[in-house]
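Source file: coords.cif. Holds: mmCIF, C-alpha atoms and all ligand atoms.
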```cif
data_coords
loop_
_atom_site.label_atom_id
_atom_site.label_comp_id
_atom_site.auth_asym_id
_atom_site.auth_seq_id
_atom_site.Cartn_x
_atom_site.Cartn_y
_atom_site.Cartn_z
CA VAL G 30 101.06 95.60 126.57
CA GLY G 31 104.24 94.39 128.17
CA VAL G 32 106.79 91.65 127.96
CA ASN G 33 108.39 89.56 130.69
CA LEU G 34 112.06 90.36 131.21
CA LYS G 35 114.80 89.31 133.55
CA ALA G 36 116.15 92.40 135.33
CA ILE G 37 118.48 93.36 138.17
CA VAL G 38 116.60 95.88 140.28
CA THR G 39 117.12 97.97 143.41
CA ASP G 40 114.87 99.99 145.72
CA ALA G 41 116.48 103.41 145.11
CA PRO G 42 117.54 105.33 147.14
CA HIS G 43 117.28 102.75 149.96
CA GLY G 44 119.32 100.04 148.26
CA GLY G 45 119.15 96.25 148.05
CA VAL G 46 119.50 94.14 144.91
CA TRP G 47 117.21 91.52 143.36
CA LEU G 48 117.03 89.55 140.13
CA ARG G 49 113.41 89.78 139.07
CA GLU G 50 111.04 88.90 136.29
CA ILE G 51 109.53 92.24 135.43
CA ASN G 52 106.61 93.04 133.20
CA GLU G 53 107.99 96.00 131.35
CA PRO G 54 105.58 98.35 129.59
CA VAL G 55 106.62 99.00 126.00
CA GLU G 56 108.85 102.07 126.04
CA HIS G 57 109.25 104.69 123.39
CA GLY G 58 112.14 104.31 121.00
CA ASP G 59 112.68 103.15 117.44
CA VAL G 60 115.21 100.42 118.28
CA LEU G 61 114.78 97.24 120.32
CA VAL G 62 118.07 96.15 121.86
CA GLN G 63 119.01 92.83 123.43
CA THR G 64 121.45 93.41 126.28
CA VAL G 65 124.74 91.55 125.77
CA TYR G 66 127.11 92.90 128.45
CA THR G 67 126.71 95.31 131.35
CA GLY G 68 129.59 96.60 133.47
CA VAL G 69 129.45 96.84 137.25
CA CYS G 70 130.98 99.94 138.86
CA GLY G 71 131.29 101.72 142.19
CA THR G 72 128.12 103.72 141.48
CA ASP G 73 126.08 100.48 141.20
CA ARG G 74 127.57 99.24 144.47
CA GLY G 75 126.83 102.60 146.11
CA ILE G 76 123.18 102.42 145.00
CA VAL G 77 122.85 98.81 146.22
CA SER G 78 124.36 99.66 149.63
CA GLY G 79 122.02 102.67 149.93
CA SER G 80 124.90 105.14 150.26
CA LEU G 81 124.22 106.97 147.00
CA GLU G 82 121.47 109.26 148.18
CA PHE G 83 120.76 110.89 144.81
CA ALA G 84 119.61 107.58 143.23
CA ARG G 85 115.91 107.72 142.21
CA LYS G 86 113.37 105.37 140.65
CA GLN G 87 111.82 106.08 137.27
CA GLU G 88 108.39 107.69 137.57
CA GLY G 89 105.64 105.08 137.74
CA PHE G 90 107.90 102.23 138.90
CA ASP G 91 108.37 100.74 142.36
CA TYR G 92 111.94 99.66 141.53
CA LEU G 93 114.94 100.99 139.61
CA VAL G 94 116.60 98.72 137.04
CA LEU G 95 120.36 99.06 137.57
CA GLY G 96 123.05 99.43 134.90
CA HIS G 97 124.55 102.33 132.94
CA GLU G 98 127.56 100.62 131.30
CA CYS G 99 126.15 98.53 128.47
CA VAL G 100 126.68 96.90 125.11
CA GLY G 101 123.67 95.48 123.30
CA ARG G 102 122.68 93.94 119.99
CA VAL G 103 119.98 95.46 117.79
CA VAL G 104 117.03 93.08 117.44
CA GLU G 105 114.63 95.37 115.61
CA SER G 106 115.17 98.82 114.14
CA ARG G 107 112.91 101.36 112.53
CA ASN G 108 115.88 103.61 111.78
CA SER G 109 118.03 103.08 108.70
CA SER G 110 121.31 103.98 110.50
CA LEU G 111 121.09 100.84 112.66
CA LYS G 112 120.31 97.34 111.46
CA GLU G 113 119.54 94.02 113.10
CA GLY G 114 122.68 92.45 114.54
CA ASP G 115 124.57 95.75 115.03
CA PHE G 116 126.29 96.12 118.40
CA VAL G 117 125.44 99.39 120.13
CA VAL G 118 126.40 101.35 123.25
CA PRO G 119 123.59 103.44 124.77
CA VAL G 120 124.21 107.03 125.92
CA ALA G 121 123.16 106.70 129.55
CA THR G 122 122.24 110.33 130.29
CA MET G 123 118.97 111.61 128.84
CA PRO G 124 118.33 115.32 128.33
CA GLY G 125 115.79 117.38 130.28
CA GLY G 126 114.42 120.78 129.28
CA CYS G 127 117.29 123.25 129.87
CA MET G 128 119.38 124.87 127.12
CA ASN G 129 122.41 122.63 127.70
CA CYS G 130 120.19 119.55 127.47
CA HIS G 131 118.67 120.95 124.27
CA ILE G 132 122.08 121.18 122.61
CA GLY G 133 122.76 117.55 123.52
CA ARG G 134 124.91 118.13 126.60
CA PRO G 135 122.86 116.79 129.52
CA ASP G 136 126.21 116.29 131.30
CA TYR G 137 126.07 120.10 131.75
CA CYS G 138 122.36 120.10 132.71
CA SER G 139 121.69 123.40 134.48
CA ASP G 140 118.49 122.56 136.36
CA GLY G 141 118.80 118.87 137.33
CA ASP G 142 115.98 117.76 135.03
CA PHE G 143 118.15 115.21 133.18
CA ARG G 144 117.72 111.45 133.68
CA ALA G 145 120.54 108.95 134.06
CA ALA G 146 119.89 105.29 133.19
CA GLY G 147 120.30 102.96 136.13
CA VAL G 148 120.93 105.83 138.54
CA TYR G 149 118.52 108.71 138.42
CA ARG G 150 114.88 108.67 137.23
CA LYS G 151 115.43 106.20 134.39
CA ASN G 152 115.57 102.40 134.35
CA GLY G 153 118.98 101.09 133.41
CA TYR G 154 120.24 98.37 131.12
CA MET G 155 120.61 95.38 133.44
CA ARG G 156 117.65 93.60 131.83
CA SER G 157 117.33 91.22 128.90
CA TYR G 158 115.94 93.85 126.48
CA PHE G 159 115.36 97.57 126.29
CA ARG G 160 113.91 99.97 123.75
CA GLU G 161 115.75 103.19 122.91
CA ASP G 162 115.75 106.07 120.45
CA SER G 163 118.41 105.61 117.78
CA ASP G 164 119.94 109.02 118.60
CA HIS G 165 120.86 107.64 122.03
CA LEU G 166 122.63 104.59 120.57
CA ILE G 167 126.18 104.52 119.22
CA ARG G 168 127.11 101.81 116.76
CA VAL G 169 130.17 99.73 117.67
CA PRO G 170 132.33 99.87 114.52
CA ASP G 171 133.65 96.31 114.72
CA PRO G 172 131.80 93.30 116.25
CA SER G 173 135.09 92.01 117.68
CA LEU G 174 134.98 95.02 120.05
CA SER G 175 131.65 93.90 121.53
CA LEU G 176 133.10 92.93 124.93
CA ILE G 177 135.58 95.78 125.43
CA ALA G 178 132.97 98.31 124.22
CA VAL G 179 131.47 97.90 127.72
CA LEU G 180 134.34 100.22 128.76
CA THR G 181 132.96 103.03 126.55
CA GLU G 182 130.83 104.53 129.33
CA PRO G 183 133.64 104.76 131.94
CA LEU G 184 136.15 105.89 129.27
CA LYS G 185 133.90 108.71 128.02
CA ASN G 186 134.48 110.47 131.39
CA VAL G 187 138.20 110.50 130.63
CA MET G 188 137.65 111.85 127.11
CA LYS G 189 135.68 114.79 128.53
CA VAL G 190 138.53 115.60 130.92
CA VAL G 191 140.96 115.52 127.98
CA ASP G 192 138.78 118.16 126.25
CA LEU G 193 138.71 120.27 129.44
CA LEU G 194 142.48 119.98 129.70
CA SER G 195 142.99 121.58 126.30
CA LEU G 196 140.48 124.33 127.19
CA LEU G 197 142.09 125.13 130.55
CA GLY G 198 145.53 124.86 128.95
CA TYR G 199 144.78 128.07 127.03
CA ARG G 200 145.45 130.08 130.20
CA CYS G 201 149.16 129.85 129.35
CA ILE G 202 151.54 127.38 127.75
CA THR G 203 150.98 124.11 129.59
CA THR G 204 152.34 121.85 126.88
CA ALA G 205 155.87 120.81 125.95
CA PRO G 206 157.56 122.00 122.69
CA GLY G 207 155.49 121.15 119.62
CA SER G 208 152.30 121.50 121.71
CA THR G 209 152.72 117.90 122.91
CA TYR G 210 152.60 116.79 126.54
CA SER G 211 155.83 114.90 126.14
CA GLY G 212 157.72 114.78 129.44
CA LYS G 213 154.96 116.59 131.36
CA ARG G 214 153.91 114.88 134.56
CA ALA G 215 150.45 113.56 135.45
CA LEU G 216 149.38 112.30 138.87
CA ILE G 217 146.41 109.96 139.12
CA ILE G 218 144.92 109.35 142.57
CA GLY G 219 143.46 105.85 142.68
CA THR G 220 143.98 102.51 140.97
CA GLY G 221 140.39 101.53 140.09
CA PRO G 222 139.03 101.17 136.54
CA GLU G 223 138.61 104.94 135.98
CA ALA G 224 142.13 105.61 137.27
CA LEU G 225 143.54 102.97 134.91
CA LEU G 226 141.70 104.49 131.96
CA PHE G 227 142.96 107.98 132.88
CA SER G 228 146.51 106.60 133.19
CA ARG G 229 146.40 104.94 129.82
CA VAL G 230 144.94 107.92 127.95
CA PHE G 231 147.44 110.33 129.56
CA CYS G 232 150.33 107.98 128.69
CA ASP G 233 149.12 108.00 125.06
CA MET G 234 149.23 111.82 125.16
CA GLY G 235 152.90 111.71 126.17
CA PHE G 236 152.58 112.37 129.89
CA HIS G 237 154.87 110.71 132.39
CA VAL G 238 152.10 109.18 134.56
CA ILE G 239 152.24 108.11 138.19
CA ALA G 240 149.16 106.36 139.64
CA VAL G 241 149.08 106.32 143.43
CA ASN G 242 147.14 104.65 146.19
CA ARG G 243 147.52 104.67 149.96
CA HIS G 244 148.14 100.95 150.13
CA ASP G 245 150.04 98.42 148.11
CA ILE G 246 148.22 96.63 145.30
CA GLY G 247 148.69 93.08 144.03
CA GLU G 248 151.35 92.13 141.51
CA LYS G 249 148.79 91.53 138.74
CA HIS G 250 147.19 94.93 139.28
CA ARG G 251 150.59 96.64 139.30
CA LYS G 252 151.50 94.90 136.02
CA LEU G 253 148.28 96.23 134.43
CA ILE G 254 149.23 99.78 135.38
CA GLU G 255 152.75 99.32 134.07
CA LYS G 256 151.42 97.85 130.83
CA SER G 257 149.58 101.12 130.23
CA GLY G 258 152.95 102.89 130.53
CA ALA G 259 152.33 104.39 133.99
CA PHE G 260 154.11 103.79 137.31
CA PHE G 261 152.48 102.76 140.56
CA VAL G 262 153.51 104.33 143.86
CA ASP G 263 152.12 103.52 147.32
CA TYR G 264 152.07 107.10 148.63
CA SER G 265 151.56 106.10 152.25
CA ARG G 266 155.23 105.08 152.05
CA ASP G 267 156.66 107.20 149.23
CA LYS G 268 155.41 110.81 149.35
CA LEU G 269 157.02 111.60 145.98
CA ASP G 270 159.10 114.32 147.65
CA GLY G 271 160.47 116.91 145.27
CA MET G 272 158.17 115.89 142.44
CA GLU G 273 155.58 118.26 140.98
CA PHE G 274 152.79 117.53 138.52
CA ASP G 275 151.39 119.53 135.61
CA VAL G 276 148.09 117.66 135.71
CA ALA G 277 146.42 115.65 138.45
CA VAL G 278 143.18 113.68 138.55
CA ASP G 279 141.57 112.59 141.79
CA THR G 280 139.33 109.53 141.40
CA SER G 281 138.92 108.99 145.16
CA GLY G 282 136.77 111.92 146.33
CA ASP G 283 138.77 111.91 149.55
CA PRO G 284 139.52 115.45 150.86
CA SER G 285 142.95 114.41 152.16
CA ALA G 286 143.89 113.14 148.68
CA VAL G 287 142.72 116.41 147.12
CA VAL G 288 144.82 118.47 149.55
CA TYR G 289 147.77 116.17 148.76
CA CYS G 290 147.23 116.92 145.04
CA ILE G 291 147.17 120.69 145.63
CA ARG G 292 150.53 120.41 147.42
CA LYS G 293 151.96 118.41 144.48
CA MET G 294 150.90 120.75 141.66
CA ALA G 295 153.51 122.46 139.52
CA ARG G 296 153.13 126.09 138.46
CA ASN G 297 150.12 126.56 136.12
CA GLY G 298 149.01 123.02 136.96
CA ILE G 299 145.47 121.74 136.44
CA LEU G 300 143.75 119.55 139.01
CA PHE G 301 140.63 117.63 138.00
CA LEU G 302 138.24 116.34 140.63
CA PHE G 303 136.44 113.30 139.30
CA GLY G 304 135.84 110.90 142.23
CA THR G 305 133.02 111.46 144.73
CA ASN G 306 132.77 110.19 148.27
CA GLY G 307 130.28 112.11 150.41
CA ARG G 308 131.19 109.94 153.40
CA ALA G 309 134.91 110.71 153.39
CA PRO G 310 136.13 112.46 156.55
CA ALA G 311 136.89 116.20 156.53
CA TYR G 312 140.49 117.26 156.04
CA GLY G 313 141.88 120.74 156.64
CA ILE G 314 143.07 122.96 153.82
CA THR G 315 145.59 125.55 155.08
CA GLY G 316 146.37 129.15 154.19
CA THR G 317 149.62 127.92 152.64
CA ASP G 318 147.58 125.65 150.35
CA ILE G 319 145.47 128.62 149.20
CA ASP G 320 148.67 130.64 148.67
CA ARG G 321 149.99 127.87 146.44
CA VAL G 322 146.79 127.67 144.37
CA VAL G 323 146.91 131.45 143.80
CA GLU G 324 150.64 131.98 143.35
CA TYR G 325 151.07 128.91 141.14
CA ASN G 326 147.97 129.69 138.99
CA ILE G 327 146.52 126.30 139.78
CA ALA G 328 143.16 125.52 138.13
CA ILE G 329 140.83 123.16 139.95
CA ALA G 330 137.93 121.79 137.93
CA GLY G 331 135.22 119.26 138.70
CA SER G 332 134.03 117.08 135.85
CA VAL G 333 131.16 114.63 135.62
CA ASP G 334 129.88 112.38 132.84
CA GLY G 335 130.39 113.31 129.18
CA GLY G 336 128.44 114.03 126.02
CA ARG G 337 127.70 111.79 123.07
CA VAL G 338 130.87 113.14 121.45
CA HIS G 339 132.89 111.63 124.31
CA TYR G 340 131.23 108.23 123.92
CA GLU G 341 132.29 108.37 120.27
CA LYS G 342 135.85 109.38 121.17
CA ALA G 343 135.95 106.61 123.79
CA LEU G 344 134.86 103.98 121.27
CA ARG G 345 137.54 105.17 118.82
CA LYS G 346 140.12 105.01 121.61
CA LEU G 347 139.09 101.44 122.51
CA HIS G 348 139.33 100.50 118.84
CA GLU G 349 142.84 102.00 118.68
CA TRP G 350 143.95 100.11 121.81
CA TYR G 351 142.43 96.90 120.45
CA MET G 352 144.38 97.27 117.20
CA GLN G 353 147.62 97.93 119.12
CA ASP G 354 147.32 95.08 121.59
CA ARG G 355 144.01 93.29 122.05
CA ASP G 356 145.10 91.35 125.13
CA SER G 357 146.08 94.37 127.17
CA VAL G 358 142.74 96.15 126.77
CA ARG G 359 140.87 92.85 127.28
CA SER G 360 142.79 92.34 130.55
CA LEU G 361 140.98 95.33 132.11
CA ILE G 362 137.90 93.07 132.24
CA THR G 363 138.80 90.76 135.10
CA ALA G 364 135.55 88.79 135.51
CA ILE G 365 132.53 87.83 133.41
CA ARG G 366 129.53 86.84 135.52
CA LYS G 367 125.93 85.72 135.18
CA PRO G 368 122.94 87.92 136.11
CA GLU G 369 122.14 85.45 138.95
CA ASP G 370 125.48 86.24 140.57
CA LEU G 371 124.33 89.19 142.70
CA ASP G 372 127.32 89.02 145.05
CA VAL G 373 129.19 91.11 142.47
CA PHE G 374 127.23 94.11 143.84
CA ARG G 375 128.18 93.41 147.43
CA PHE G 376 131.83 92.43 147.29
CA LYS G 377 134.80 93.61 145.31
CA GLU G 378 136.91 90.67 144.27
CA GLU G 379 140.65 90.71 144.95
CA GLY G 380 142.42 92.12 141.89
CA GLU G 381 139.18 93.25 140.27
CA ILE G 382 139.38 95.99 137.64
CA LYS G 383 136.09 95.63 135.78
CA SER G 384 133.47 92.94 136.39
CA VAL G 385 131.03 92.41 133.53
CA ILE G 386 127.66 90.65 133.50
CA GLU G 387 126.94 88.59 130.39
CA TRP G 388 123.21 88.46 129.54
ZN ZN Q 401 119.01 120.00 131.67
#
```
Rewrite the structure from the file as structure tokens, please.
Amino acid sequence: VGVNLKAIVTDAPHGGVWLREINEPVEHGDVLVQTVYTGVCGTDRGIVSGSLEFARKQEGFDYLVLGHECVGRVVESRNSSLKEGDFVVPVATMPGGCMNCHIGRPDYCSDGDFRAAGVYRKNGYMRSYFREDSDHLIRVPDPSLSLIAVLTEPLKNVMKVVDLLSLLGYRCITTAPGSTYSGKRALIIGTGPEALLFSRVFCDMGFHVIAVNRHDIGEKHRKLIEKSGAFFVDYSRDKLDGMEFDVAVDTSGDPSAVVYCIRKMARNGILFLFGTNGRAPAYGITGTDIDRVVEYNIAIAGSVDGGRVHYEKALRKLHEWYMQDRDSVRSLITAIRKPEDLDVFRFKEEGEIKSVIEW
């Protein structure tokens, strides 16, 4: 028994994008969710262009439904914690069989048997309805957050890095007096949606944040960064000579940017690698760079995804931002499109931060 749905699908890992009527078999799960908003990100565009080679279809399907950033509305629930009309955010990564998956941390899956909605072995949320287990759904506390809650999935990555920062910070004192980060410096490589979310969270923590890119950005984009409390620098022109950073986050995946970060780290600094770009050209790391990493006690840590706990922290953070200034968090969503508008997967609009599809 199935039901006809509208869905945005791709032929993973080869790419392409189509809006299709699909006859979806009834999935397992005690909650039926009507999709309200889905966010479009670089991963979706990578899958559509065929450059994300790890993308895979769900077993038994000849397509992959895209979409991992989602807000939906509960239509039918067999679980008392969620009722009809509740807005929910799905946890996009599903556990496999390893120990880390068993304890609810498929973001640390140790054998690759996890599934990631819209990316890897599981159909995503860019379809009119989906069915899900209630333990993979997080209730949005306030219906007025329903649009900005689409930022929960990208923001949960930041919340995981914040946890890692406090863990790695135990190597020595990395904080300012009072265990705050007040006056400490953070460098963010990139000016995309993840970079903006990192900037804003680090500003909230008390860091002096500089977000950099290798080209200038538009006035509107620059204003958004400044509104978060960070500064923008075009580092193709201003190398930030004489400045060192206690924390850096690379969202570009570009080896030359990572080497730049290493050369900018302060003593005991922590560098997080978050961006990926398998097609970026090689860039030489020197003996002097290694010397710096060793002699300055620099920690370099990769981080991907996040656990349910980070989705929850992200939603609380979005709520906090919304209470402080609803317009500034709303302004991160720069376009709301229709499912028919497939060009959003092929082109990045000038000044785009986050494009959202309304279902
Ligand atoms: Zn696993």
List all protein, DNA and RNA residues that have an atom no more than 7 Å from any atom of ligand ZN 401 (chain Q), counting only C-alpha atoms and all ligand atoms, and report them as a list in words.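 Those within range of ligand ZN 401 (chain Q) are Pro124, Gly125, Gly126, Cys127, Met128, Asn129, Cys130, Pro135, Cys138, Ser139, Asp140, Gly141, Asp142 and Phe143 of chain G.
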Two-atom distance - atom CA of G:Lys256, atom CA of G:Met294 (Å):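 Interatomic distance, atom CA of G:Lys256 to atom CA of G:Met294: 25.3 Å.
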Find the residue from G:Gly313, G:Gly68, G:Gly114, G:Gly198 that sits nearest to G:Ala178; use all atoms listed in the file when measuring.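 Of the candidates, the smallest distance to G:Ala178 is held by G:Gly68.
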Residue nearest G:Ile177 - candidates G:Ala295, G:Val241, G:Val65, G:Leu371, atoms counted: only C-alpha atoms: G:Val65
List as a VMD selection string: which residues have an atom within 7 Å of (120.2, 101.6, 138.0), counting only C-alpha atoms? chain G and resid 73 93 to 97 146 to 148 152 to 153
Generate the output file for the selected residues, C-alpha atoms, as an mmCIF file, keeping the file's coordinate frame.
```cif
data_model
loop_
_atom_site.group_PDB
_atom_site.id
_atom_site.type_symbol
_atom_site.label_atom_id
_atom_site.label_comp_id
_atom_site.auth_asym_id
_atom_site.auth_seq_id
_atom_site.Cartn_x
_atom_site.Cartn_y
_atom_site.Cartn_z
ATOM 1 C CA ASP G 73 126.080 100.480 141.200
ATOM 2 C CA LEU G 93 114.940 100.990 139.610
ATOM 3 C CA VAL G 94 116.600 98.720 137.040
ATOM 4 C CA LEU G 95 120.360 99.060 137.570
ATOM 5 C CA GLY G 96 123.050 99.430 134.900
ATOM 6 C CA HIS G 97 124.550 102.330 132.940
ATOM 7 C CA ALA G 146 119.890 105.290 133.190
ATOM 8 C CA GLY G 147 120.300 102.960 136.130
ATOM 9 C CA VAL G 148 120.930 105.830 138.540
ATOM 10 C CA ASN G 152 115.570 102.400 134.350
ATOM 11 C CA GLY G 153 118.980 101.090 133.410
#
```
Just give me the gap between atom CA of G:Val338 and atom CA of G:Val118 in Å, one decimal is fine.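 Atom CA of G:Val338 sits 12.7 Å away from atom CA of G:Val118.
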For G:Val278, the closest of G:Ile382, G:Val191, G:Leu361, G:Ile76 counting all atoms listed in the file is G:Val191
Nearest candidate to G:Cys70 (options G:Val179, G:Leu196, G:Leu48, G:Val38; using only C-alpha atoms): G:Val179
Hey, can you check how far atom CA of G:Asn108 sits from atom CA of G:Asp59?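 Computed distance, atom CA of G:Asn108 to atom CA of G:Asp59, equals 6.5 Å.
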Residue nearest G:Val117 among G:Thr72, G:Gln63, G:Ser285, G:Ser78 (counting only C-alpha atoms): G:Gln63
Select, from G:His348, G:Lys268, G:Arg134, G:Lys383, the residue with the minimum atom-to-atom distance to G:Ala364, counting all atoms listed in the file. G:Lys383
Neighbour list for G:Arg292 as a PDB file with C-alpha atoms, in the coordinates of the input, cut-off 7 Å, all atoms listed in the file, skip fewer than 3 positions in-chain:
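Output (part_37.pdb):
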```
ATOM      1  CA  VAL G 288     144.820 118.470 149.550  1.00  0.00           C
ATOM      2  CA  TYR G 289     147.770 116.170 148.760  1.00  0.00           C
ATOM      3  CA  ASP G 318     147.580 125.650 150.350  1.00  0.00           C
TER       4      ASP G 318
END
```
Would you kindly return, as a ChimeraX atom specification, each protein, DNA or RNA residue with an atom no farther than 7 Å from any atom of G:Ala277, considering all atoms listed in the file and excluding same-chain residues fewer than 2 positions away? /G:215-217,274-275,279,290,299-301
Will you give me stretch 196-253 of chain G, written with C-alpha atoms and laid out as a short mmCIF file (atom, residue, chain, number, x, y, z; two decimals), in the first residue's frame?
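part_11.cif was written with the following content:
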```
data_model
loop_
_atom_site.label_atom_id
_atom_site.label_comp_id
_atom_site.auth_asym_id
_atom_site.auth_seq_id
_atom_site.Cartn_x
_atom_site.Cartn_y
_atom_site.Cartn_z
CA LEU G 196 36.65 19.11 25.92
CA LEU G 197 39.85 20.10 24.09
CA GLY G 198 40.14 23.18 26.29
CA TYR G 199 40.94 20.88 29.23
CA ARG G 200 44.48 20.44 27.88
CA CYS G 201 45.34 23.74 29.59
CA ILE G 202 43.67 27.05 30.36
CA THR G 203 42.25 28.25 27.06
CA THR G 204 39.64 30.56 28.53
CA ALA G 205 39.83 34.12 29.84
CA PRO G 206 39.44 34.95 33.59
CA GLY G 207 36.19 33.60 35.01
CA SER G 208 36.34 30.68 32.53
CA THR G 209 34.72 32.90 29.88
CA TYR G 210 36.03 33.38 26.34
CA SER G 211 35.81 37.12 26.70
CA GLY G 212 38.44 38.82 24.54
CA LYS G 213 39.69 35.54 23.06
CA ARG G 214 39.94 35.52 19.29
CA ALA G 215 38.12 33.23 16.85
CA LEU G 216 38.81 32.97 13.13
CA ILE G 217 36.10 31.62 10.84
CA ILE G 218 37.09 30.67 7.29
CA GLY G 219 34.11 31.21 5.00
CA THR G 220 31.00 33.37 4.87
CA GLY G 221 28.31 30.78 4.00
CA PRO G 222 25.42 29.78 6.28
CA GLU G 223 27.54 27.49 8.50
CA ALA G 224 30.22 30.17 8.86
CA LEU G 225 27.58 32.72 9.86
CA LEU G 226 26.14 30.35 12.46
CA PHE G 227 29.64 29.65 13.85
CA SER G 228 30.32 33.41 13.99
CA ARG G 229 27.14 34.15 15.85
CA VAL G 230 27.51 31.36 18.42
CA PHE G 231 31.17 32.28 19.08
CA CYS G 232 30.21 35.95 19.49
CA ASP G 233 27.60 34.90 22.06
CA MET G 234 30.36 33.03 23.94
CA GLY G 235 32.39 36.24 24.18
CA PHE G 236 34.90 35.64 21.40
CA HIS G 237 36.17 38.47 19.24
CA VAL G 238 35.23 36.89 15.87
CA ILE G 239 36.68 37.57 12.44
CA ALA G 240 35.04 35.83 9.46
CA VAL G 241 37.20 35.80 6.34
CA ASN G 242 36.86 35.00 2.67
CA ARG G 243 39.23 35.33 -0.25
CA HIS G 244 37.01 37.77 -2.07
CA ASP G 245 34.84 40.70 -1.12
CA ILE G 246 31.19 40.04 -0.30
CA GLY G 247 28.17 42.26 -0.91
CA GLU G 248 27.13 45.02 1.45
CA LYS G 249 24.03 43.11 2.62
CA HIS G 250 26.06 40.01 3.40
CA ARG G 251 28.66 42.04 5.28
CA LYS G 252 25.90 43.70 7.34
CA LEU G 253 24.56 40.25 8.32
#
```
